[in-house]
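Text of start_10.tsv, listed as TSV, N, CA and C atoms:
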chain	number	residue	atom	x	y	z
A	1	MET	N	42.02	41.99	-85.25
A	1	MET	CA	41.83	42.97	-86.30
A	1	MET	C	42.40	42.41	-87.59
A	2	ILE	N	41.57	42.31	-88.61
A	2	ILE	CA	42.05	41.74	-89.87
A	2	ILE	C	42.50	42.86	-90.79
A	3	ASP	N	43.25	42.45	-91.80
A	3	ASP	CA	43.78	43.41	-92.77
A	3	ASP	C	42.63	44.10	-93.50
A	4	ARG	N	42.79	45.40	-93.72
A	4	ARG	CA	41.76	46.18	-94.39
A	4	ARG	C	41.52	45.69	-95.82
A	5	ARG	N	42.60	45.27	-96.49
A	5	ARG	CA	42.46	44.77	-97.86
A	5	ARG	C	41.67	43.46	-97.88
A	6	LEU	N	41.90	42.59	-96.88
A	6	LEU	CA	41.15	41.33	-96.80
A	6	LEU	C	39.68	41.63	-96.54
A	7	GLN	N	39.39	42.57	-95.67
A	7	GLN	CA	38.00	42.94	-95.40
A	7	GLN	C	37.33	43.46	-96.66
A	8	ARG	N	38.02	44.28	-97.42
A	8	ARG	CA	37.47	44.81	-98.67
A	8	ARG	C	37.22	43.70	-99.69
A	9	LEU	N	38.14	42.74	-99.78
A	9	LEU	CA	37.95	41.61	-100.69
A	9	LEU	C	36.76	40.75	-100.27
A	10	LEU	N	36.61	40.49	-98.98
A	10	LEU	CA	35.48	39.71	-98.50
A	10	LEU	C	34.15	40.42	-98.75
A	11	ASP	N	34.13	41.73	-98.55
A	11	ASP	CA	32.91	42.49	-98.78
A	11	ASP	C	32.55	42.57	-100.26
A	12	SER	N	33.56	42.67	-101.11
A	12	SER	CA	33.30	42.86	-102.53
A	12	SER	C	33.08	41.56	-103.29
A	13	TYR	N	33.88	40.52	-102.99
A	13	TYR	CA	33.87	39.32	-103.81
A	13	TYR	C	33.43	38.06	-103.08
A	14	GLY	N	33.26	38.13	-101.79
A	14	GLY	CA	32.81	36.96	-101.05
A	14	GLY	C	33.94	36.18	-100.43
A	15	ALA	N	33.58	35.04	-99.83
A	15	ALA	CA	34.56	34.26	-99.06
A	15	ALA	C	35.42	33.35	-99.92
A	16	ASN	N	35.02	33.05	-101.14
A	16	ASN	CA	35.78	32.14	-101.99
A	16	ASN	C	36.87	32.90	-102.72
A	17	PRO	N	38.15	32.60	-102.43
A	17	PRO	CA	39.24	33.34	-103.07
A	17	PRO	C	39.29	33.16	-104.59
A	18	ARG	N	38.64	32.12	-105.13
A	18	ARG	CA	38.65	31.94	-106.58
A	18	ARG	C	37.84	33.02	-107.30
A	19	ARG	N	36.97	33.71	-106.59
A	19	ARG	CA	36.20	34.80	-107.19
A	19	ARG	C	36.90	36.15	-107.05
A	20	TRP	N	37.99	36.19	-106.35
A	20	TRP	CA	38.74	37.42	-106.17
A	20	TRP	C	39.52	37.74	-107.44
A	21	PRO	N	39.98	38.99	-107.59
A	21	PRO	CA	40.88	39.30	-108.72
A	21	PRO	C	42.13	38.43	-108.66
A	22	ILE	N	42.65	38.09	-109.80
A	22	ILE	CA	43.75	37.12	-109.89
A	22	ILE	C	44.96	37.56	-109.08
A	23	ARG	N	45.26	38.84	-109.09
A	23	ARG	CA	46.46	39.29	-108.36
A	23	ARG	C	46.32	39.11	-106.85
A	24	TRP	N	45.09	39.00	-106.33
A	24	TRP	CA	44.89	38.83	-104.89
A	24	TRP	C	44.67	37.37	-104.51
A	25	GLN	N	44.40	36.51	-105.46
A	25	GLN	CA	44.16	35.10	-105.13
A	25	GLN	C	45.40	34.46	-104.52
A	26	ASP	N	46.58	34.75	-105.06
A	26	ASP	CA	47.82	34.15	-104.55
A	26	ASP	C	48.21	34.74	-103.19
A	27	ARG	N	47.75	35.92	-102.89
A	27	ARG	CA	48.14	36.58	-101.64
A	27	ARG	C	47.13	36.37	-100.51
A	28	ALA	N	46.18	35.47	-100.68
A	28	ALA	CA	45.14	35.27	-99.66
A	28	ALA	C	45.76	34.90	-98.32
A	29	GLY	N	46.76	34.01	-98.31
A	29	GLY	CA	47.42	33.62	-97.07
A	29	GLY	C	48.20	34.77	-96.46
A	30	ALA	N	48.82	35.58	-97.29
A	30	ALA	CA	49.60	36.71	-96.78
A	30	ALA	C	48.70	37.76	-96.15
A	31	LEU	N	47.45	37.84	-96.61
A	31	LEU	CA	46.51	38.80	-96.03
A	31	LEU	C	45.88	38.28	-94.74
A	32	GLY	N	46.14	37.02	-94.42
A	32	GLY	CA	45.59	36.44	-93.20
A	32	GLY	C	44.27	35.72	-93.42
A	33	TYR	N	44.05	35.18	-94.61
A	33	TYR	CA	42.78	34.54	-94.93
A	33	TYR	C	42.52	33.33	-94.04
A	34	GLY	N	43.51	32.54	-93.75
A	34	GLY	CA	43.31	31.33	-92.94
A	34	GLY	C	43.53	31.54	-91.45
A	35	SER	N	43.75	32.76	-91.02
A	35	SER	CA	44.07	33.00	-89.62
A	35	SER	C	42.81	32.92	-88.75
A	36	ALA	N	43.04	32.77	-87.45
A	36	ALA	CA	41.92	32.69	-86.51
A	36	ALA	C	41.21	34.03	-86.39
A	37	GLU	N	41.97	35.13	-86.53
A	37	GLU	CA	41.35	36.46	-86.45
A	37	GLU	C	40.34	36.68	-87.57
A	38	ALA	N	40.66	36.18	-88.76
A	38	ALA	CA	39.79	36.40	-89.91
A	38	ALA	C	38.69	35.35	-90.02
A	39	GLY	N	38.71	34.34	-89.14
A	39	GLY	CA	37.74	33.25	-89.23
A	39	GLY	C	36.30	33.71	-89.16
A	40	SER	N	35.98	34.61	-88.25
A	40	SER	CA	34.59	35.06	-88.12
A	40	SER	C	34.16	35.89	-89.32
A	41	GLU	N	35.06	36.71	-89.85
A	41	GLU	CA	34.73	37.51	-91.03
A	41	GLU	C	34.55	36.64	-92.26
A	42	VAL	N	35.40	35.61	-92.41
A	42	VAL	CA	35.27	34.69	-93.54
A	42	VAL	C	33.97	33.90	-93.41
A	43	ALA	N	33.63	33.47	-92.19
A	43	ALA	CA	32.37	32.74	-91.97
A	43	ALA	C	31.17	33.63	-92.29
A	44	TRP	N	31.23	34.90	-91.91
A	44	TRP	CA	30.16	35.84	-92.22
A	44	TRP	C	30.01	36.00	-93.74
A	45	ALA	N	31.13	36.17	-94.44
A	45	ALA	CA	31.09	36.32	-95.90
A	45	ALA	C	30.57	35.05	-96.56
A	46	ALA	N	30.93	33.87	-96.02
A	46	ALA	CA	30.44	32.61	-96.57
A	46	ALA	C	28.93	32.50	-96.36
A	47	GLY	N	28.43	32.95	-95.23
A	47	GLY	CA	26.98	32.94	-94.99
A	47	GLY	C	26.24	33.84	-95.97
A	48	ILE	N	26.79	35.01	-96.23
A	48	ILE	CA	26.19	35.91	-97.22
A	48	ILE	C	26.23	35.26	-98.60
A	49	ASP	N	27.33	34.58	-98.93
A	49	ASP	CA	27.42	33.89	-100.22
A	49	ASP	C	26.33	32.83	-100.35
A	50	ARG	N	26.08	32.07	-99.26
A	50	ARG	CA	25.03	31.03	-99.30
A	50	ARG	C	23.65	31.65	-99.49
A	51	ILE	N	23.38	32.75	-98.83
A	51	ILE	CA	22.09	33.43	-98.98
A	51	ILE	C	21.91	33.91	-100.41
A	52	LEU	N	22.94	34.52	-100.96
A	52	LEU	CA	22.84	35.03	-102.32
A	52	LEU	C	22.72	33.90	-103.34
A	53	ALA	N	23.36	32.76	-103.07
A	53	ALA	CA	23.28	31.63	-104.00
A	53	ALA	C	21.88	31.03	-104.02
A	54	THR	N	21.17	31.07	-102.89
A	54	THR	CA	19.83	30.46	-102.87
A	54	THR	C	18.75	31.42	-103.35
A	55	CYS	N	18.97	32.71	-103.29
A	55	CYS	CA	17.91	33.63	-103.69
A	55	CYS	C	18.08	34.15	-105.10
A	56	ALA	N	19.20	33.89	-105.74
A	56	ALA	CA	19.40	34.37	-107.11
A	56	ALA	C	18.53	33.55	-108.07
A	57	PRO	N	17.91	34.20	-109.05
A	57	PRO	CA	17.08	33.46	-109.99
A	57	PRO	C	17.94	32.55	-110.88
A	58	VAL	N	17.40	31.40	-111.19
A	58	VAL	CA	18.09	30.46	-112.06
A	58	VAL	C	17.56	30.66	-113.47
A	59	ILE	N	18.46	30.95	-114.38
A	59	ILE	CA	18.10	31.17	-115.77
A	59	ILE	C	18.64	30.00	-116.57
A	60	GLY	N	17.75	29.35	-117.29
A	60	GLY	CA	18.15	28.19	-118.07
A	60	GLY	C	19.02	28.56	-119.25
A	61	ALA	N	19.82	27.59	-119.71
A	61	ALA	CA	20.73	27.83	-120.83
A	61	ALA	C	19.95	28.12	-122.11
A	62	ASP	N	18.77	27.51	-122.27
A	62	ASP	CA	17.98	27.76	-123.47
A	62	ASP	C	17.51	29.22	-123.53
A	63	ARG	N	17.15	29.77	-122.38
A	63	ARG	CA	16.71	31.17	-122.35
A	63	ARG	C	17.87	32.12	-122.63
A	64	VAL	N	19.03	31.82	-122.10
A	64	VAL	CA	20.22	32.63	-122.35
A	64	VAL	C	20.56	32.58	-123.84
A	65	GLU	N	20.47	31.41	-124.44
A	65	GLU	CA	20.76	31.26	-125.87
A	65	GLU	C	19.76	32.05	-126.72
A	66	ALA	N	18.48	32.03	-126.34
A	66	ALA	CA	17.46	32.76	-127.09
A	66	ALA	C	17.70	34.27	-127.01
A	67	VAL	N	18.03	34.77	-125.86
A	67	VAL	CA	18.30	36.20	-125.71
A	67	VAL	C	19.56	36.57	-126.49
A	68	THR	N	20.56	35.74	-126.46
A	68	THR	CA	21.79	36.00	-127.20
A	68	THR	C	21.51	36.07	-128.70
A	69	ARG	N	20.69	35.15	-129.21
A	69	ARG	CA	20.34	35.18	-130.64
A	69	ARG	C	19.61	36.47	-130.99
A	70	LEU	N	18.68	36.91	-130.13
A	70	LEU	CA	17.94	38.14	-130.40
A	70	LEU	C	18.86	39.36	-130.42
A	71	VAL	N	19.80	39.41	-129.50
A	71	VAL	CA	20.73	40.55	-129.45
A	71	VAL	C	21.61	40.56	-130.68
A	72	VAL	N	22.13	39.40	-131.07
A	72	VAL	CA	23.00	39.34	-132.25
A	72	VAL	C	22.20	39.70	-133.50
A	73	ALA	N	20.96	39.22	-133.61
A	73	ALA	CA	20.13	39.56	-134.77
A	73	ALA	C	19.81	41.05	-134.79
A	74	GLY	N	19.57	41.65	-133.65
A	74	GLY	CA	19.28	43.08	-133.59
A	74	GLY	C	20.48	43.92	-133.98
A	75	ASN	N	21.68	43.46	-133.65
A	75	ASN	CA	22.88	44.22	-134.00
A	75	ASN	C	23.24	44.05	-135.46
A	76	ALA	N	22.77	42.99	-136.10
A	76	ALA	CA	23.11	42.74	-137.50
A	76	ALA	C	22.34	43.67	-138.44
A	77	ARG	N	21.20	44.19	-138.00
A	77	ARG	CA	20.43	45.10	-138.85
A	77	ARG	C	21.16	46.41	-139.03
A	78	ALA	N	20.86	47.08	-140.14
A	78	ALA	CA	21.46	48.40	-140.39
A	78	ALA	C	20.86	49.41	-139.42
A	79	PRO	N	21.63	50.38	-138.99
A	79	PRO	CA	21.07	51.39	-138.08
A	79	PRO	C	20.00	52.23	-138.79
A	80	VAL	N	19.04	52.67	-138.04
A	80	VAL	CA	17.95	53.47	-138.59
A	80	VAL	C	18.45	54.90	-138.77
A	81	PRO	N	18.35	55.45	-139.99
A	81	PRO	CA	18.83	56.83	-140.19
A	81	PRO	C	17.90	57.82	-139.51
A	82	VAL	N	18.48	58.92	-139.07
A	82	VAL	CA	17.71	59.99	-138.43
A	82	VAL	C	17.16	60.88	-139.53
A	83	PRO	N	15.84	61.08	-139.59
A	83	PRO	CA	15.29	61.91	-140.66
A	83	PRO	C	15.66	63.38	-140.45
A	84	VAL	N	16.13	64.02	-141.51
A	84	VAL	CA	16.47	65.43	-141.49
A	84	VAL	C	15.42	66.17	-142.30
A	85	PRO	N	14.81	67.21	-141.77
A	85	PRO	CA	13.81	67.95	-142.53
A	85	PRO	C	14.40	68.54	-143.81
A	86	ARG	N	13.54	68.75	-144.82
A	86	ARG	CA	14.01	69.24	-146.12
A	86	ARG	C	14.71	70.58	-146.02
A	87	GLY	N	14.17	71.50	-145.28
A	87	GLY	CA	14.74	72.84	-145.21
A	87	GLY	C	15.88	72.95	-144.21
A	88	GLY	N	16.28	71.88	-143.60
A	88	GLY	CA	17.32	71.91	-142.58
A	88	GLY	C	16.70	71.93	-141.19
A	89	TRP	N	17.50	72.22	-140.20
A	89	TRP	CA	17.03	72.16	-138.82
A	89	TRP	C	16.30	73.43	-138.39
A	90	LEU	N	16.64	74.59	-138.96
A	90	LEU	CA	16.03	75.83	-138.50
A	90	LEU	C	14.52	75.88	-138.73
A	91	PRO	N	14.01	75.53	-139.93
A	91	PRO	CA	12.55	75.53	-140.08
A	91	PRO	C	11.86	74.52	-139.15
A	92	ALA	N	12.53	73.42	-138.85
A	92	ALA	CA	11.93	72.44	-137.94
A	92	ALA	C	11.86	72.98	-136.52
A	93	LEU	N	12.81	73.83	-136.15
A	93	LEU	CA	12.82	74.39	-134.80
A	93	LEU	C	11.94	75.63	-134.69
A	94	TRP	N	11.70	76.32	-135.82
A	94	TRP	CA	10.91	77.55	-135.80
A	94	TRP	C	9.44	77.18	-135.90
A	95	THR	N	8.82	76.98	-134.79
A	95	THR	CA	7.41	76.61	-134.71
A	95	THR	C	6.66	77.72	-134.00
A	96	PRO	N	5.35	77.71	-134.02
A	96	PRO	CA	4.61	78.74	-133.29
A	96	PRO	C	4.93	78.77	-131.80
A	97	THR	N	5.18	77.61	-131.24
A	97	THR	CA	5.52	77.57	-129.81
A	97	THR	C	6.86	78.26	-129.55
A	98	SER	N	7.85	77.98	-130.41
A	98	SER	CA	9.15	78.62	-130.19
A	98	SER	C	9.07	80.12	-130.43
A	99	ALA	N	8.23	80.56	-131.38
A	99	ALA	CA	8.04	82.00	-131.60
A	99	ALA	C	7.40	82.65	-130.38
A	100	LEU	N	6.45	81.96	-129.76
A	100	LEU	CA	5.82	82.47	-128.55
A	100	LEU	C	6.84	82.62	-127.42
A	101	TYR	N	7.68	81.60	-127.23
A	101	TYR	CA	8.69	81.67	-126.18
A	101	TYR	C	9.70	82.79	-126.45
A	102	LEU	N	10.07	82.99	-127.71
A	102	LEU	CA	11.01	84.06	-128.04
A	102	LEU	C	10.37	85.42	-127.76
A	103	GLY	N	9.09	85.57	-128.10
A	103	GLY	CA	8.40	86.83	-127.82
A	103	GLY	C	8.32	87.10	-126.33
A	104	LEU	N	8.04	86.07	-125.55
A	104	LEU	CA	8.00	86.24	-124.09
A	104	LEU	C	9.36	86.60	-123.52
A	105	LEU	N	10.41	86.04	-124.12
A	105	LEU	CA	11.76	86.37	-123.67
A	105	LEU	C	12.07	87.84	-123.93
A	106	VAL	N	11.70	88.33	-125.12
A	106	VAL	CA	11.95	89.73	-125.45
A	106	VAL	C	11.12	90.64	-124.54
A	107	LEU	N	9.84	90.33	-124.34
A	107	LEU	CA	9.02	91.14	-123.45
A	107	LEU	C	9.55	91.14	-122.02
A	108	GLY	N	10.02	90.00	-121.56
A	108	GLY	CA	10.60	89.93	-120.22
A	108	GLY	C	11.84	90.79	-120.11
A	109	GLY	N	12.67	90.78	-121.15
A	109	GLY	CA	13.87	91.62	-121.14
A	109	GLY	C	13.52	93.10	-121.13
A	110	LEU	N	12.52	93.48	-121.93
A	110	LEU	CA	12.10	94.89	-121.92
A	110	LEU	C	11.51	95.29	-120.58
A	111	ALA	N	10.71	94.42	-119.98
A	111	ALA	CA	10.14	94.73	-118.67
A	111	ALA	C	11.24	94.90	-117.63
A	112	ASN	N	12.25	94.08	-117.70
A	112	ASN	CA	13.37	94.19	-116.77
A	112	ASN	C	14.10	95.51	-117.00
A	113	LEU	N	14.33	95.87	-118.25
A	113	LEU	CA	15.03	97.11	-118.56
A	113	LEU	C	14.22	98.32	-118.09
A	114	LEU	N	12.93	98.32	-118.36
A	114	LEU	CA	12.10	99.47	-117.98
A	114	LEU	C	11.91	99.57	-116.47
A	115	SER	N	12.03	98.45	-115.77
A	115	SER	CA	11.89	98.52	-114.32
A	115	SER	C	13.10	99.16	-113.66
A	116	GLN	N	14.22	99.22	-114.38
A	116	GLN	CA	15.44	99.79	-113.82
A	116	GLN	C	15.67	101.24	-114.24
A	117	VAL	N	14.85	101.78	-115.16
A	117	VAL	CA	15.01	103.15	-115.62
A	117	VAL	C	14.27	104.07	-114.66
A	118	PRO	N	14.93	105.12	-114.16
A	118	PRO	CA	14.22	106.05	-113.28
A	118	PRO	C	13.19	106.84	-114.09
A	119	PRO	N	12.13	107.29	-113.45
A	119	PRO	CA	11.11	108.06	-114.18
A	119	PRO	C	11.71	109.34	-114.76
A	120	ALA	N	11.31	109.68	-115.97
A	120	ALA	CA	11.84	110.87	-116.65
A	120	ALA	C	10.70	111.86	-116.87
A	121	GLU	N	11.07	113.13	-116.86
A	121	GLU	CA	10.05	114.15	-117.08
A	121	GLU	C	9.76	114.32	-118.56
A	122	THR	N	10.77	114.17	-119.40
A	122	THR	CA	10.57	114.30	-120.84
A	122	THR	C	11.22	113.10	-121.53
A	123	PRO	N	10.83	112.79	-122.75
A	123	PRO	CA	11.49	111.70	-123.48
A	123	PRO	C	12.96	111.94	-123.68
A	124	LEU	N	13.40	113.22	-123.74
A	124	LEU	CA	14.81	113.52	-123.91
A	124	LEU	C	15.60	113.12	-122.67
A	125	ASP	N	15.01	113.35	-121.48
A	125	ASP	CA	15.67	112.91	-120.25
A	125	ASP	C	15.84	111.39	-120.24
A	126	LEU	N	14.84	110.67	-120.73
A	126	LEU	CA	14.91	109.22	-120.80
A	126	LEU	C	16.04	108.77	-121.72
A	127	LEU	N	16.21	109.50	-122.84
A	127	LEU	CA	17.25	109.15	-123.80
A	127	LEU	C	18.63	109.30	-123.19
A	128	PHE	N	18.82	110.35	-122.41
A	128	PHE	CA	20.14	110.60	-121.84
A	128	PHE	C	20.30	110.03	-120.43
A	129	SER	N	19.43	109.12	-120.07
A	129	SER	CA	19.55	108.49	-118.75
A	129	SER	C	20.83	107.64	-118.71
A	130	HIS	N	21.46	107.63	-117.57
A	130	HIS	CA	22.72	106.90	-117.43
A	130	HIS	C	22.52	105.40	-117.49
A	131	ASN	N	21.30	104.88	-117.32
A	131	ASN	CA	21.08	103.44	-117.34
A	131	ASN	C	21.02	102.88	-118.77
A	132	LEU	N	20.74	103.73	-119.77
A	132	LEU	CA	20.57	103.22	-121.12
A	132	LEU	C	21.81	103.36	-121.97
A	133	LEU	N	22.56	104.43	-121.81
A	133	LEU	CA	23.69	104.70	-122.67
A	133	LEU	C	25.00	104.48	-121.92
A	134	PRO	N	25.94	103.83	-122.54
A	134	PRO	CA	27.26	103.67	-121.88
A	134	PRO	C	27.99	105.00	-121.89
A	135	PRO	N	28.94	105.16	-120.99
A	135	PRO	CA	29.71	106.42	-120.97
A	135	PRO	C	30.52	106.54	-122.26
A	136	LEU	N	30.68	107.77	-122.71
A	136	LEU	CA	31.38	108.02	-123.97
A	136	LEU	C	32.82	108.46	-123.75
A	137	GLY	N	33.44	107.96	-122.76
A	137	GLY	CA	34.84	108.26	-122.51
A	137	GLY	C	34.98	109.37	-121.49
A	138	GLY	N	36.23	109.81	-121.28
A	138	GLY	CA	36.49	110.98	-120.48
A	138	GLY	C	36.58	110.72	-119.09
Turn this file's structure into structure tokens for me.
Amino acid sequence: MIDRRLQRLLDSYGANPRRWPIRWQDRAGALGYGSAEAGSEVAWAAGIDRILATCAPVIGADRVEAVTRLVVAGNARAPVPVPVPRGGWLPALWTPTSALYLGLLVLGGLANLLSQVPPAETPLDLLFSHNLLPPLGG
């Protein structure tokens, strides 16, 4: 059984201790890196490292340099300002579509309110219904 920290390092960073975080590189022996118990786990991690090394795409230095130049040139430009409408944000938000949605919201609220009011015999009964008016104290 190998140390849990060694297993986590092998899973995260591979079998080569030089790729581990600096504070763990010096402690590789203390974690049991060279022990017989850890040999199979280290060999497994080394095999995964070899597979990843052969299947990773190779990017040439010229291509990396070209992309770096493009990124630096793009950052050197001034940021694009966000256009603000002349009348402010409210006229830009008040469109026919938003008016339609607001009307539907109001109609939905009224339909909900009217669905909860018990039927009344006269309009005066409806006015004094307990569902519409809050209690006036007492």
Checklist entry - Between CA of Ala99 (chain A) and atom C of Arg86 (chain A), what is the spacing in Å? => result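 That distance, rounded to one decimal, is 19.6 Å.
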Checklist entry - So what do you get for atom N of Trp24 (chain A) versus CA of Ala46 (chain A), distance-wise? => result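 Spanning atom N of Trp24 (chain A) to CA of Ala46 (chain A) is a straight-line distance of 18.7 Å.
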Checklist entry - Between A:Ala111, A:Leu9, A:Ile2, A:Ala15, which has the minimum distance to Ala43 (chain A) (counting all atoms listed in the file)? => result A:Ala15
Checklist entry - Which distance in Å separates CA of Asp62 (chain A) and atom C of Ile48 (chain A), to one decimal? => result 27.3 Å
Item to check | Using only C-alpha atoms: which of A:Pro83, A:Gly29, A:Pro96, A:Gly14 has the shortest distance to Leu52 (chain A) | outcome: A:Gly14
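Distance check against Gln7 (chain A) using all atoms listed in the file: of A:Pro21, A:Ile51, A:Ser35, A:Glu41, the minimum falls on A:Glu41.
For the choices A:Gly109, A:Ala28, A:Leu6, A:Tyr101, the atom-to-atom distance to Ala45 (chain A) is smallest for A:Leu6 when using only C-alpha atoms.
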Checklist outcome for this item: Closest of A:Ala76, A:Leu31, A:Ala56, A:Leu114 to Arg4 (chain A), counting all atoms listed in the file, is A:Leu31
